[in-house]
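Undergrad: entry.cif is the file, holding mmCIF, C-alpha atoms:
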data_entry
loop_
_atom_site.group_PDB
_atom_site.id
_atom_site.type_symbol
_atom_site.label_atom_id
_atom_site.label_comp_id
_atom_site.auth_asym_id
_atom_site.auth_seq_id
_atom_site.Cartn_x
_atom_site.Cartn_y
_atom_site.Cartn_z
ATOM 1 C CA MET A 350 -97.245 32.123 -33.390
ATOM 2 C CA ILE A 351 -95.050 30.479 -30.808
ATOM 3 C CA THR A 352 -94.718 33.754 -28.871
ATOM 4 C CA GLU A 353 -98.486 33.764 -28.277
ATOM 5 C CA GLN A 354 -98.311 30.192 -26.987
ATOM 6 C CA LEU A 355 -95.486 31.108 -24.614
ATOM 7 C CA LYS A 356 -97.561 33.890 -23.034
ATOM 8 C CA GLN A 357 -100.012 31.455 -21.479
ATOM 9 C CA ALA A 358 -97.745 28.411 -21.309
ATOM 10 C CA LYS A 359 -97.963 26.216 -18.235
ATOM 11 C CA GLU A 360 -95.766 23.692 -20.027
ATOM 12 C CA ILE A 361 -93.105 24.128 -22.664
ATOM 13 C CA PRO A 362 -94.839 23.777 -26.059
ATOM 14 C CA VAL A 363 -94.445 20.371 -27.663
ATOM 15 C CA GLU A 364 -92.846 21.758 -30.833
ATOM 16 C CA ILE A 365 -90.126 23.461 -28.751
ATOM 17 C CA VAL A 366 -89.452 20.243 -26.814
ATOM 18 C CA GLU A 367 -89.229 18.360 -30.113
ATOM 19 C CA VAL A 368 -86.773 20.890 -31.557
ATOM 20 C CA VAL A 369 -84.583 20.699 -28.450
ATOM 21 C CA LYS A 370 -84.701 16.884 -28.454
ATOM 22 C CA GLN A 371 -83.545 16.818 -32.071
ATOM 23 C CA SER A 372 -80.836 19.368 -31.328
ATOM 24 C CA VAL A 373 -79.449 17.188 -28.525
ATOM 25 C CA ILE A 374 -79.448 14.188 -30.841
ATOM 26 C CA ASN A 375 -77.695 16.125 -33.630
ATOM 27 C CA THR A 376 -75.095 17.596 -31.282
ATOM 28 C CA PHE A 377 -74.151 14.309 -29.650
ATOM 29 C CA GLU A 378 -74.156 12.466 -32.959
ATOM 30 C CA SER A 379 -71.717 15.004 -34.411
ATOM 31 C CA ILE A 380 -69.417 14.651 -31.408
ATOM 32 C CA ALA A 381 -69.692 10.964 -30.515
ATOM 33 C CA GLY A 382 -70.456 9.548 -33.957
ATOM 34 C CA GLU A 383 -73.697 7.915 -32.863
ATOM 35 C CA ALA A 384 -77.111 9.406 -32.179
ATOM 36 C CA PRO A 385 -78.291 9.029 -28.571
ATOM 37 C CA THR A 386 -81.779 7.705 -27.891
ATOM 38 C CA LEU A 387 -84.453 9.452 -25.850
ATOM 39 C CA VAL A 388 -85.568 7.148 -23.039
ATOM 40 C CA PHE A 389 -88.622 7.350 -20.809
ATOM 41 C CA ASP A 390 -87.842 8.628 -17.347
ATOM 42 C CA ASP A 391 -90.272 9.570 -14.592
ATOM 43 C CA THR A 392 -87.866 9.302 -11.701
ATOM 44 C CA GLU A 393 -86.839 12.138 -9.438
ATOM 45 C CA ASN A 394 -83.359 13.487 -10.086
ATOM 46 C CA GLY A 395 -80.973 12.155 -7.465
ATOM 47 C CA PRO A 396 -77.742 13.887 -6.527
ATOM 48 C CA LEU A 397 -75.263 13.955 -9.384
ATOM 49 C CA ASN A 398 -71.612 13.078 -9.330
ATOM 50 C CA GLY A 399 -70.457 14.806 -12.483
ATOM 51 C CA VAL A 400 -70.792 18.094 -14.342
ATOM 52 C CA ILE A 401 -73.753 20.318 -15.235
ATOM 53 C CA GLY A 402 -73.432 22.608 -18.249
ATOM 54 C CA ASN A 403 -75.655 25.709 -18.075
ATOM 55 C CA ILE A 404 -76.625 27.962 -20.948
ATOM 56 C CA ALA A 405 -79.658 29.926 -22.124
ATOM 57 C CA VAL A 406 -81.255 30.689 -25.465
ATOM 58 C CA PHE A 407 -83.095 33.950 -25.075
ATOM 59 C CA ASN A 408 -84.696 36.958 -26.671
ATOM 60 C CA PRO A 409 -85.999 40.128 -24.990
ATOM 61 C CA GLU A 410 -89.272 38.361 -24.052
ATOM 62 C CA TYR A 411 -88.438 34.769 -23.126
ATOM 63 C CA THR A 412 -85.522 32.693 -21.901
ATOM 64 C CA PHE A 413 -85.043 28.958 -22.294
ATOM 65 C CA SER A 414 -82.523 27.757 -19.719
ATOM 66 C CA LEU A 415 -80.762 24.548 -20.713
ATOM 67 C CA MET A 416 -79.042 22.388 -18.112
ATOM 68 C CA LEU A 417 -76.993 19.536 -19.502
ATOM 69 C CA VAL A 418 -76.596 17.041 -16.667
ATOM 70 C CA ILE A 419 -73.607 14.793 -17.324
ATOM 71 C CA PRO A 420 -72.649 11.978 -14.912
ATOM 72 C CA LYS A 421 -68.946 11.436 -14.266
ATOM 73 C CA ASP A 422 -68.543 8.330 -16.458
ATOM 74 C CA THR A 423 -70.383 9.967 -19.358
ATOM 75 C CA ALA A 424 -68.253 13.104 -19.056
ATOM 76 C CA ILE A 425 -65.076 11.036 -19.304
ATOM 77 C CA LYS A 426 -66.377 9.221 -22.395
ATOM 78 C CA ILE A 427 -67.369 12.541 -23.982
ATOM 79 C CA SER A 428 -63.820 13.822 -23.467
ATOM 80 C CA GLU A 429 -62.490 10.732 -25.252
ATOM 81 C CA ALA A 430 -64.906 11.246 -28.160
ATOM 82 C CA PHE A 431 -64.408 15.014 -28.431
ATOM 83 C CA LEU A 432 -60.701 15.361 -27.714
ATOM 84 C CA GLY A 433 -59.336 11.914 -28.511
ATOM 85 C CA MET A 434 -58.127 11.530 -24.922
ATOM 86 C CA GLU A 435 -59.736 10.973 -21.549
ATOM 87 C CA LEU A 436 -59.876 13.848 -19.105
ATOM 88 C CA SER A 437 -60.213 13.092 -15.425
ATOM 89 C CA ILE A 438 -63.325 14.483 -13.782
ATOM 90 C CA GLU A 439 -61.061 16.598 -11.547
ATOM 91 C CA SER A 440 -59.278 18.168 -14.514
ATOM 92 C CA GLU A 441 -59.778 21.917 -14.987
ATOM 93 C CA ASP A 442 -60.402 21.217 -18.654
ATOM 94 C CA MET A 443 -63.444 19.050 -17.855
ATOM 95 C CA GLY A 444 -65.553 22.056 -16.887
ATOM 96 C CA ASP A 445 -64.366 23.882 -19.998
ATOM 97 C CA LEU A 446 -65.299 20.872 -22.136
ATOM 98 C CA ILE A 447 -68.849 20.528 -20.804
ATOM 99 C CA ALA A 448 -69.356 24.311 -21.031
ATOM 100 C CA GLU A 449 -68.266 24.184 -24.662
ATOM 101 C CA LEU A 450 -70.534 21.201 -25.313
ATOM 102 C CA SER A 451 -73.406 23.275 -23.877
ATOM 103 C CA ASN A 452 -72.403 26.153 -26.150
ATOM 104 C CA ILE A 453 -72.468 23.901 -29.225
ATOM 105 C CA LEU A 454 -75.862 22.521 -28.160
ATOM 106 C CA ALA A 455 -77.264 26.033 -27.654
ATOM 107 C CA GLY A 456 -76.089 27.054 -31.126
ATOM 108 C CA GLU A 457 -77.987 24.104 -32.577
ATOM 109 C CA VAL A 458 -81.056 24.816 -30.403
ATOM 110 C CA ALA A 459 -81.116 28.509 -31.376
ATOM 111 C CA ALA A 460 -80.886 27.684 -35.085
ATOM 112 C CA ASN A 461 -83.580 25.004 -34.876
ATOM 113 C CA MET A 462 -85.920 27.121 -32.724
ATOM 114 C CA GLU A 463 -86.072 29.629 -35.563
ATOM 115 C CA THR A 464 -87.880 26.984 -37.608
ATOM 116 C CA VAL A 465 -90.781 27.098 -35.111
ATOM 117 C CA GLY A 466 -90.806 30.878 -34.842
ATOM 118 C CA PHE A 467 -88.585 31.583 -31.819
ATOM 119 C CA ARG A 468 -85.670 33.839 -32.718
ATOM 120 C CA GLY A 469 -83.107 33.998 -29.932
ATOM 121 C CA GLN A 470 -79.444 34.045 -29.118
ATOM 122 C CA SER A 471 -77.161 32.063 -26.819
ATOM 123 C CA SER A 472 -75.777 33.259 -23.519
ATOM 124 C CA LEU A 473 -72.259 32.435 -22.421
ATOM 125 C CA PRO A 474 -72.020 28.897 -21.004
ATOM 126 C CA THR A 475 -70.957 27.918 -17.507
ATOM 127 C CA ALA A 476 -70.288 24.543 -15.897
ATOM 128 C CA THR A 477 -70.704 23.289 -12.350
ATOM 129 C CA ARG A 478 -68.787 20.238 -11.184
ATOM 130 C CA GLY A 479 -69.273 18.244 -7.993
ATOM 131 C CA SER A 480 -70.243 15.001 -6.322
ATOM 132 C CA ASP A 481 -73.593 15.954 -4.765
ATOM 133 C CA LEU A 482 -75.225 18.249 -7.309
ATOM 134 C CA ARG A 483 -79.000 18.741 -7.387
ATOM 135 C CA LEU A 484 -81.132 20.786 -9.736
ATOM 136 C CA PHE A 485 -83.427 23.127 -7.887
ATOM 137 C CA MET A 486 -86.004 25.404 -9.524
ATOM 138 C CA PRO A 487 -87.804 27.191 -6.671
ATOM 139 C CA ASN A 488 -90.424 29.006 -8.769
ATOM 140 C CA LYS A 489 -91.448 25.842 -10.601
ATOM 141 C CA PRO A 490 -91.334 27.300 -14.100
ATOM 142 C CA PRO A 491 -92.622 25.385 -17.127
ATOM 143 C CA SER A 492 -89.933 22.778 -17.636
ATOM 144 C CA ALA A 493 -89.094 19.551 -19.419
ATOM 145 C CA LYS A 494 -86.679 16.755 -18.655
ATOM 146 C CA LEU A 495 -85.214 14.628 -21.432
ATOM 147 C CA ARG A 496 -83.088 11.586 -20.607
ATOM 148 C CA PHE A 497 -80.840 10.106 -23.264
ATOM 149 C CA GLU A 498 -78.710 7.008 -23.615
ATOM 150 C CA GLY A 499 -75.947 6.654 -26.156
ATOM 151 C CA ASN A 500 -72.478 5.336 -26.834
ATOM 152 C CA VAL A 501 -71.005 7.854 -24.375
ATOM 153 C CA GLY A 502 -73.419 6.798 -21.628
ATOM 154 C CA ASP A 503 -76.550 8.367 -20.221
ATOM 155 C CA PHE A 504 -77.239 12.046 -19.571
ATOM 156 C CA LEU A 505 -80.102 14.475 -18.966
ATOM 157 C CA LEU A 506 -81.203 17.701 -20.552
ATOM 158 C CA ASN A 507 -83.365 19.869 -18.308
ATOM 159 C CA MET A 508 -85.059 22.861 -19.847
ATOM 160 C CA ALA A 509 -86.992 25.675 -18.166
ATOM 161 C CA LEU A 510 -88.965 28.567 -19.631
ATOM 162 C CA SER A 511 -89.099 31.998 -18.027
ATOM 163 C CA GLU A 512 -89.786 35.595 -18.980
ATOM 164 C CA SER A 513 -86.599 37.469 -19.764
ATOM 165 C CA ARG A 514 -85.602 40.053 -17.182
ATOM 166 C CA GLN A 515 -85.312 43.514 -18.667
ATOM 167 C CA MET B 732 -43.916 25.182 -47.187
ATOM 168 C CA SER B 733 -44.761 28.598 -45.765
ATOM 169 C CA THR B 734 -45.121 29.244 -42.041
ATOM 170 C CA ILE B 735 -48.348 30.986 -41.090
ATOM 171 C CA ARG B 736 -48.725 32.862 -37.824
ATOM 172 C CA ALA B 737 -52.296 32.330 -36.648
ATOM 173 C CA LEU B 738 -54.134 34.147 -33.876
ATOM 174 C CA VAL B 739 -56.686 31.746 -32.347
ATOM 175 C CA VAL B 740 -59.382 33.609 -30.401
ATOM 176 C CA ASP B 741 -61.747 31.624 -28.184
ATOM 177 C CA ASP B 742 -62.718 31.862 -24.517
ATOM 178 C CA SER B 743 -62.522 28.075 -24.293
ATOM 179 C CA LYS B 744 -59.013 26.696 -23.867
ATOM 180 C CA ILE B 745 -60.298 23.325 -25.071
ATOM 181 C CA MET B 746 -61.551 24.869 -28.326
ATOM 182 C CA ARG B 747 -58.320 26.778 -28.899
ATOM 183 C CA SER B 748 -56.547 23.426 -28.583
ATOM 184 C CA GLN B 749 -59.015 21.846 -31.016
ATOM 185 C CA VAL B 750 -58.405 24.562 -33.614
ATOM 186 C CA LYS B 751 -54.645 24.194 -33.240
ATOM 187 C CA ARG B 752 -54.884 20.422 -33.453
ATOM 188 C CA ALA B 753 -56.873 20.678 -36.705
ATOM 189 C CA LEU B 754 -54.439 23.216 -38.161
ATOM 190 C CA ASP B 755 -51.502 20.985 -37.249
ATOM 191 C CA GLN B 756 -52.959 18.398 -39.626
ATOM 192 C CA VAL B 757 -53.079 20.844 -42.551
ATOM 193 C CA THR B 758 -50.401 19.870 -45.052
ATOM 194 C CA ILE B 759 -50.432 22.995 -47.221
ATOM 195 C CA ALA B 760 -48.673 25.164 -44.620
ATOM 196 C CA GLU B 761 -47.114 25.070 -41.188
ATOM 197 C CA PHE B 762 -48.771 27.049 -38.414
ATOM 198 C CA GLU B 763 -47.432 28.902 -35.423
ATOM 199 C CA TYR B 764 -49.881 30.199 -32.858
ATOM 200 C CA GLU B 765 -50.794 33.121 -30.724
ATOM 201 C CA GLU B 766 -53.855 32.693 -28.494
ATOM 202 C CA ALA B 767 -56.416 35.121 -27.095
ATOM 203 C CA MET B 768 -59.379 34.491 -24.784
ATOM 204 C CA ASP B 769 -61.736 37.241 -25.996
ATOM 205 C CA GLY B 770 -61.954 40.070 -28.489
ATOM 206 C CA GLU B 771 -60.225 42.620 -26.260
ATOM 207 C CA ASP B 772 -57.359 40.237 -25.564
ATOM 208 C CA ALA B 773 -57.158 39.550 -29.298
ATOM 209 C CA LEU B 774 -56.884 43.250 -30.133
ATOM 210 C CA GLU B 775 -53.959 43.506 -27.730
ATOM 211 C CA LYS B 776 -52.240 40.472 -29.211
ATOM 212 C CA PHE B 777 -52.884 41.285 -32.855
ATOM 213 C CA ASN B 778 -49.556 42.397 -34.299
ATOM 214 C CA ASP B 779 -47.577 42.717 -37.499
ATOM 215 C CA ASP B 780 -46.631 39.043 -37.485
ATOM 216 C CA ILE B 781 -50.191 37.678 -37.556
ATOM 217 C CA ASP B 782 -51.180 36.263 -40.956
ATOM 218 C CA MET B 783 -54.575 34.688 -40.261
ATOM 219 C CA LEU B 784 -57.341 34.914 -37.644
ATOM 220 C CA PHE B 785 -59.522 32.109 -36.246
ATOM 221 C CA VAL B 786 -62.266 33.707 -34.183
ATOM 222 C CA ASP B 787 -65.066 32.405 -31.968
ATOM 223 C CA TRP B 788 -68.271 34.478 -31.818
ATOM 224 C CA ASN B 789 -69.704 34.165 -28.325
ATOM 225 C CA MET B 790 -67.091 35.529 -25.908
ATOM 226 C CA PRO B 791 -67.102 37.863 -22.894
ATOM 227 C CA LYS B 792 -66.001 41.525 -23.149
ATOM 228 C CA MET B 793 -65.932 41.706 -26.954
ATOM 229 C CA THR B 794 -67.544 39.227 -29.347
ATOM 230 C CA GLY B 795 -65.722 37.713 -32.282
ATOM 231 C CA VAL B 796 -67.821 39.710 -34.747
ATOM 232 C CA GLU B 797 -66.971 42.965 -32.946
ATOM 233 C CA PHE B 798 -63.287 42.040 -32.984
ATOM 234 C CA ALA B 799 -63.418 41.156 -36.694
ATOM 235 C CA ARG B 800 -65.163 44.453 -37.437
ATOM 236 C CA ALA B 801 -62.530 46.341 -35.440
ATOM 237 C CA VAL B 802 -59.780 44.727 -37.500
ATOM 238 C CA ARG B 803 -61.517 45.546 -40.786
ATOM 239 C CA ASP B 804 -62.359 49.085 -39.686
ATOM 240 C CA GLN B 805 -58.716 49.769 -39.094
ATOM 241 C CA GLY B 806 -57.976 49.065 -42.737
ATOM 242 C CA TYR B 807 -57.113 45.384 -42.678
ATOM 243 C CA GLU B 808 -59.202 44.387 -45.650
ATOM 244 C CA HIS B 809 -57.187 41.366 -46.683
ATOM 245 C CA ILE B 810 -56.111 39.426 -43.611
ATOM 246 C CA PRO B 811 -58.143 36.175 -43.674
ATOM 247 C CA ILE B 812 -60.686 35.962 -40.849
ATOM 248 C CA ILE B 813 -62.261 32.582 -40.213
ATOM 249 C CA MET B 814 -65.176 32.486 -37.769
ATOM 250 C CA VAL B 815 -65.136 29.216 -35.783
ATOM 251 C CA THR B 816 -68.346 29.185 -33.799
ATOM 252 C CA ALA B 817 -71.319 27.254 -32.438
ATOM 253 C CA GLU B 818 -73.699 29.850 -33.914
ATOM 254 C CA LYS B 819 -75.213 28.235 -36.965
ATOM 255 C CA SER B 820 -78.407 30.013 -38.010
ATOM 256 C CA MET B 821 -78.276 31.631 -41.448
ATOM 257 C CA GLY B 822 -78.866 35.049 -39.888
ATOM 258 C CA LYS B 823 -75.747 34.637 -37.769
ATOM 259 C CA VAL B 824 -73.658 33.438 -40.695
ATOM 260 C CA ASP B 825 -74.809 36.433 -42.723
ATOM 261 C CA LYS B 826 -74.025 38.824 -39.866
ATOM 262 C CA ALA B 827 -70.500 37.433 -39.428
ATOM 263 C CA LEU B 828 -69.757 37.735 -43.125
ATOM 264 C CA THR B 829 -71.327 41.156 -43.670
ATOM 265 C CA GLU B 830 -71.126 43.091 -40.375
ATOM 266 C CA GLY B 831 -67.998 41.320 -39.150
ATOM 267 C CA GLY B 832 -66.304 41.168 -42.515
ATOM 268 C CA ALA B 833 -65.287 37.539 -41.956
ATOM 269 C CA ASP B 834 -64.144 35.549 -44.987
ATOM 270 C CA GLU B 835 -65.258 32.073 -43.930
ATOM 271 C CA TYR B 836 -67.484 30.439 -41.345
ATOM 272 C CA ILE B 837 -66.882 27.064 -39.688
ATOM 273 C CA THR B 838 -69.406 25.660 -37.232
ATOM 274 C CA LYS B 839 -68.446 23.664 -34.141
ATOM 275 C CA PRO B 840 -67.826 20.817 -33.858
ATOM 276 C CA PHE B 841 -65.602 20.690 -36.908
ATOM 277 C CA THR B 842 -63.307 18.097 -38.413
ATOM 278 C CA ALA B 843 -59.686 18.563 -39.432
ATOM 279 C CA GLU B 844 -60.837 17.898 -43.011
ATOM 280 C CA LYS B 845 -63.359 20.737 -42.832
ATOM 281 C CA MET B 846 -60.720 23.091 -41.464
ATOM 282 C CA SER B 847 -58.262 22.022 -44.132
ATOM 283 C CA SER B 848 -60.666 22.448 -47.054
ATOM 284 C CA THR B 849 -61.814 25.835 -45.761
ATOM 285 C CA ILE B 850 -58.396 27.389 -45.420
ATOM 286 C CA ALA B 851 -57.064 25.838 -48.648
ATOM 287 C CA LYS B 852 -58.811 28.658 -50.527
ATOM 288 C CA PHE B 853 -56.447 31.162 -48.973
ATOM 289 C CA PHE B 854 -53.321 29.576 -50.418
ATOM 290 C CA ASP B 855 -51.900 29.577 -53.927
ATOM 291 C CA GLU B 856 -50.577 26.454 -55.647
ATOM 292 C CA ARG B 857 -47.148 27.006 -54.095
ATOM 293 C CA GLY B 858 -48.552 27.021 -50.576
ATOM 294 C CA ASN B 859 -48.210 30.779 -50.111
ATOM 295 C CA LEU B 860 -50.916 32.673 -48.257
ATOM 296 C CA ILE B 861 -52.889 34.983 -50.544
ATOM 297 C CA THR B 862 -53.656 38.222 -48.749
ATOM 298 C CA GLY B 863 -52.531 41.054 -51.003
ATOM 299 C CA GLU B 864 -52.255 43.097 -47.847
ATOM 300 C CA PRO B 865 -49.988 46.126 -48.189
ATOM 301 C CA GLU B 866 -47.698 46.827 -45.268
ATOM 302 C CA GLU B 867 -49.203 50.312 -44.947
ATOM 303 C CA GLU B 868 -52.434 48.778 -43.650
ATOM 304 C CA LYS B 869 -50.683 47.218 -40.683
ATOM 305 C CA LYS B 870 -48.765 50.382 -39.910
ATOM 306 C CA SER B 871 -51.884 52.565 -39.877
ATOM 307 C CA PHE B 872 -53.730 50.091 -37.641
ATOM 308 C CA PHE B 873 -51.090 49.965 -34.953
ATOM 309 C CA SER B 874 -50.448 53.665 -34.964
ATOM 310 C CA SER B 875 -54.193 54.254 -34.425
ATOM 311 C CA ILE B 876 -54.590 51.864 -31.478
ATOM 312 C CA LEU B 877 -51.466 53.193 -29.803
ATOM 313 C CA LYS B 878 -52.898 56.735 -29.748
#
Is it possible to express this structure as structure tokens?

TA:
Amino acid sequence: MITEQLKQAKEIPVEIVEVVKQSVINTFESIAGEAPTLVFDDTENGPLNGVIGNIAVFNPEYTFSLMLVIPKDTAIKISEAFLGMELSIESEDMGDLIAELSNILAGEVAANMETVGFRGQSSLPTATRGSDLRLFMPNKPPSAKLRFEGNVGDFLLNMALSESRQ
Amino acid sequence: MSTIRALVVDDSKIMRSQVKRALDQVTIAEFEYEEAMDGEDALEKFNDDIDMLFVDWNMPKMTGVEFARAVRDQGYEHIPIIMVTAEKSMGKVDKALTEGGADEYITKPFTAEKMSSTIAKFFDERGNLITGEPEEEKKSFFSSILK
């Protein structure tokens, strides 16, 4: 059972990472018309000029936090693919767009996680926009970083596992 | 061609625009819109002129399923409710259709073609909306929420 694995997990189980990877690919393919490719990345995250979409898939025991890290140029190309028109990075709608993209991704992740035994639901999404954004996880939870490249540009998906707060 | 008054309920302004854009491409009827940003807002804006509901699931204050259930519980058995949501597990679909009383379920992202084929089932061959909803249902609903 995946729940048993999560109890002692020092890393996010491989089957969960695989499900999330496939969910990202499916989501971006459905929006941009082309599947992005997972690329190897062992670099430290530098400051981001762009938007980060935040959402969680959770149940009463565990929470998977998903952070969709979208550089400025990628965000603009996503707006073109999703809406048929380019939004400027300063536009109020840009945050709404990346939050909604995170929401769509979480729906796909939640459905696909059920296939490996994790039944959860999505939180409400939020988005953070700026020119010097850094991801910071002080408690160093089990986490995974997936970098993708595709026809809308490159982007990151960071995922962290924690116990749900009652 | 009939004119359909649609209430589009989603906390994302972008998604409300996407739903409206897809409905604008439907040829079977012409749509006019009312918008709401969550279930509570939708309950306030739901009125006698609304013919069809397009409802997101995951929203603050009151979810789309709770809003749909509230509409059905007040006696609106026939007004078409279309869930338009990112939730796509079979359990969620089942919950929306049974607990929420929704008629159809569209997952995001959707195409205009998907929207068009889904709502086509609610129209007769003359392009009239099929609801069979007696006026009494609307009257009883509004009198109850005004109390």

Undergrad: Which of these residues is nearest to A:Leu454, using all atoms listed in the file: A:Lys421, A:Lys356, A:Lys370, A:Lys494?

TA: A:Lys370

Undergrad: Could you state which residues are captured by the PyMOL selection byres ((chain A) within 8 of (chain B)) in this file, as a count of residues only?

TA: 19

Undergrad: Evaluate the PyMOL selection byres ((chain A and resi 386-393) around 10) on the structure here and hand back the selected residues as a PyMOL selection string.

TA: chain A and resi 370-371+373-374+383-385+394-396+494-500+503-505

Undergrad: Just checking: using all atoms listed in the file, which residue out of A:Pro491, A:Glu367, A:Arg483, A:Leu450 ends up closest to A:Ala430?

TA: A:Leu450

Undergrad: For atom CA of A:Ser480 and atom CA of A:Ser451, determine how far apart the two atoms are, in Å to one decimal place.

TA: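 That distance, rounded to one decimal, is 19.7 Å.
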
Undergrad: Please identify all polymer residues within 12 Å of B:Asp772, counting all atoms listed in the file, omitting same-chain residues fewer than 4 positions from it, and present them as JSON, numbers by chain.

TA: {"B": [738, 739, 740, 741, 742, 765, 766, 767, 768, 776, 777, 778, 786, 790, 791, 792, 793, 794, 795, 798]}

Undergrad: To one decimal place, how far is atom CA of A:Gly502 from atom CA of A:Thr423 in Å?

TA: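 Answer for the atom CA of A:Gly502 to atom CA of A:Thr423 separation: 4.9 Å.
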
Undergrad: Using the chain letters and numbers from the file, give me the residues hit by the PyMOL selection byres ((chain A and resi 444) around 9), as a ChimeraX atom specification.

TA: /A:400-402,438-443,445-449,475-478

Undergrad: How far is it from atom CA of B:Ala773 to atom CA of B:Arg800, in Å with one decimal?

TA: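 Between these atoms lies a distance of 12.4 Å.
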
Undergrad: Fewer than 5 positions away in the same chain doesn't count, so skip those; otherwise give me all residues within 8 Å of B:Ala843, counting all atoms listed in the file, as a list in words.

TA: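 Once the adjacent positions are removed, what remains is Arg752, Ala753, Leu754, Gln756 and Val757 of chain B.
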
Undergrad: Determine the nearest neighbour of B:Met814 from the options B:Ala851, B:Leu774, B:Val750, B:Ala801, counting only C-alpha atoms.

TA: B:Val750

Undergrad: I want to know what sits within 12 Å of A:Lys489, based on all atoms listed in the file, with residues of the same chain fewer than 5 positions away left out; could you give that as a list in words?

TA: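 Once the adjacent positions are removed, what remains is Lys359, Glu360, Leu484, Met508, Ala509, Leu510 and Ser511 of chain A.
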
Undergrad: Give the answer as one residue: which of A:Pro490, A:Pro362, A:Pro409, A:Gly382 has the shortest atom-to-atom distance to A:Gln470, using only C-alpha atoms?

TA: A:Pro409

Undergrad: Would you list the residues near (-70.7, 41.7, -41.7) (no more than 12 Å away, in the coordinates of the file, using only C-alpha atoms) as a PyMOL selection string?

TA: chain B and resi 795-801+803-804+812+814+822-836

Undergrad: What would the file look like if the residues just selected were written as an mmCIF file, in the frame of the given file with C-alpha atoms?

TA:
data_model
loop_
_atom_site.group_PDB
_atom_site.id
_atom_site.type_symbol
_atom_site.label_atom_id
_atom_site.label_comp_id
_atom_site.auth_asym_id
_atom_site.auth_seq_id
_atom_site.Cartn_x
_atom_site.Cartn_y
_atom_site.Cartn_z
ATOM 1 C CA GLY B 795 -65.722 37.713 -32.282
ATOM 2 C CA VAL B 796 -67.821 39.710 -34.747
ATOM 3 C CA GLU B 797 -66.971 42.965 -32.946
ATOM 4 C CA PHE B 798 -63.287 42.040 -32.984
ATOM 5 C CA ALA B 799 -63.418 41.156 -36.694
ATOM 6 C CA ARG B 800 -65.163 44.453 -37.437
ATOM 7 C CA ALA B 801 -62.530 46.341 -35.440
ATOM 8 C CA ARG B 803 -61.517 45.546 -40.786
ATOM 9 C CA ASP B 804 -62.359 49.085 -39.686
ATOM 10 C CA ILE B 812 -60.686 35.962 -40.849
ATOM 11 C CA MET B 814 -65.176 32.486 -37.769
ATOM 12 C CA GLY B 822 -78.866 35.049 -39.888
ATOM 13 C CA LYS B 823 -75.747 34.637 -37.769
ATOM 14 C CA VAL B 824 -73.658 33.438 -40.695
ATOM 15 C CA ASP B 825 -74.809 36.433 -42.723
ATOM 16 C CA LYS B 826 -74.025 38.824 -39.866
ATOM 17 C CA ALA B 827 -70.500 37.433 -39.428
ATOM 18 C CA LEU B 828 -69.757 37.735 -43.125
ATOM 19 C CA THR B 829 -71.327 41.156 -43.670
ATOM 20 C CA GLU B 830 -71.126 43.091 -40.375
ATOM 21 C CA GLY B 831 -67.998 41.320 -39.150
ATOM 22 C CA GLY B 832 -66.304 41.168 -42.515
ATOM 23 C CA ALA B 833 -65.287 37.539 -41.956
ATOM 24 C CA ASP B 834 -64.144 35.549 -44.987
ATOM 25 C CA GLU B 835 -65.258 32.073 -43.930
ATOM 26 C CA TYR B 836 -67.484 30.439 -41.345
#

Undergrad: Name the closest residue to B:Arg736 among the candidates B:Leu860, B:Asp782, B:Asp755, B:Gln805; distances are taken between atoms, counting all atoms listed in the file.

TA: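 Under the stated criterion, the closest residue is B:Asp782.
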
Undergrad: Please enclose the listed atoms of stretch 426-442 of chain A in an axis-aligned box, pad each side by 5 Å, and write out the centre and the three edge lengths in Å, rounded to one decimal, as JSON.

TA:
{"center_x": -62.7, "center_y": 15.6, "center_z": -20.0, "size_x": 19.2, "size_y": 22.7, "size_z": 27.0}
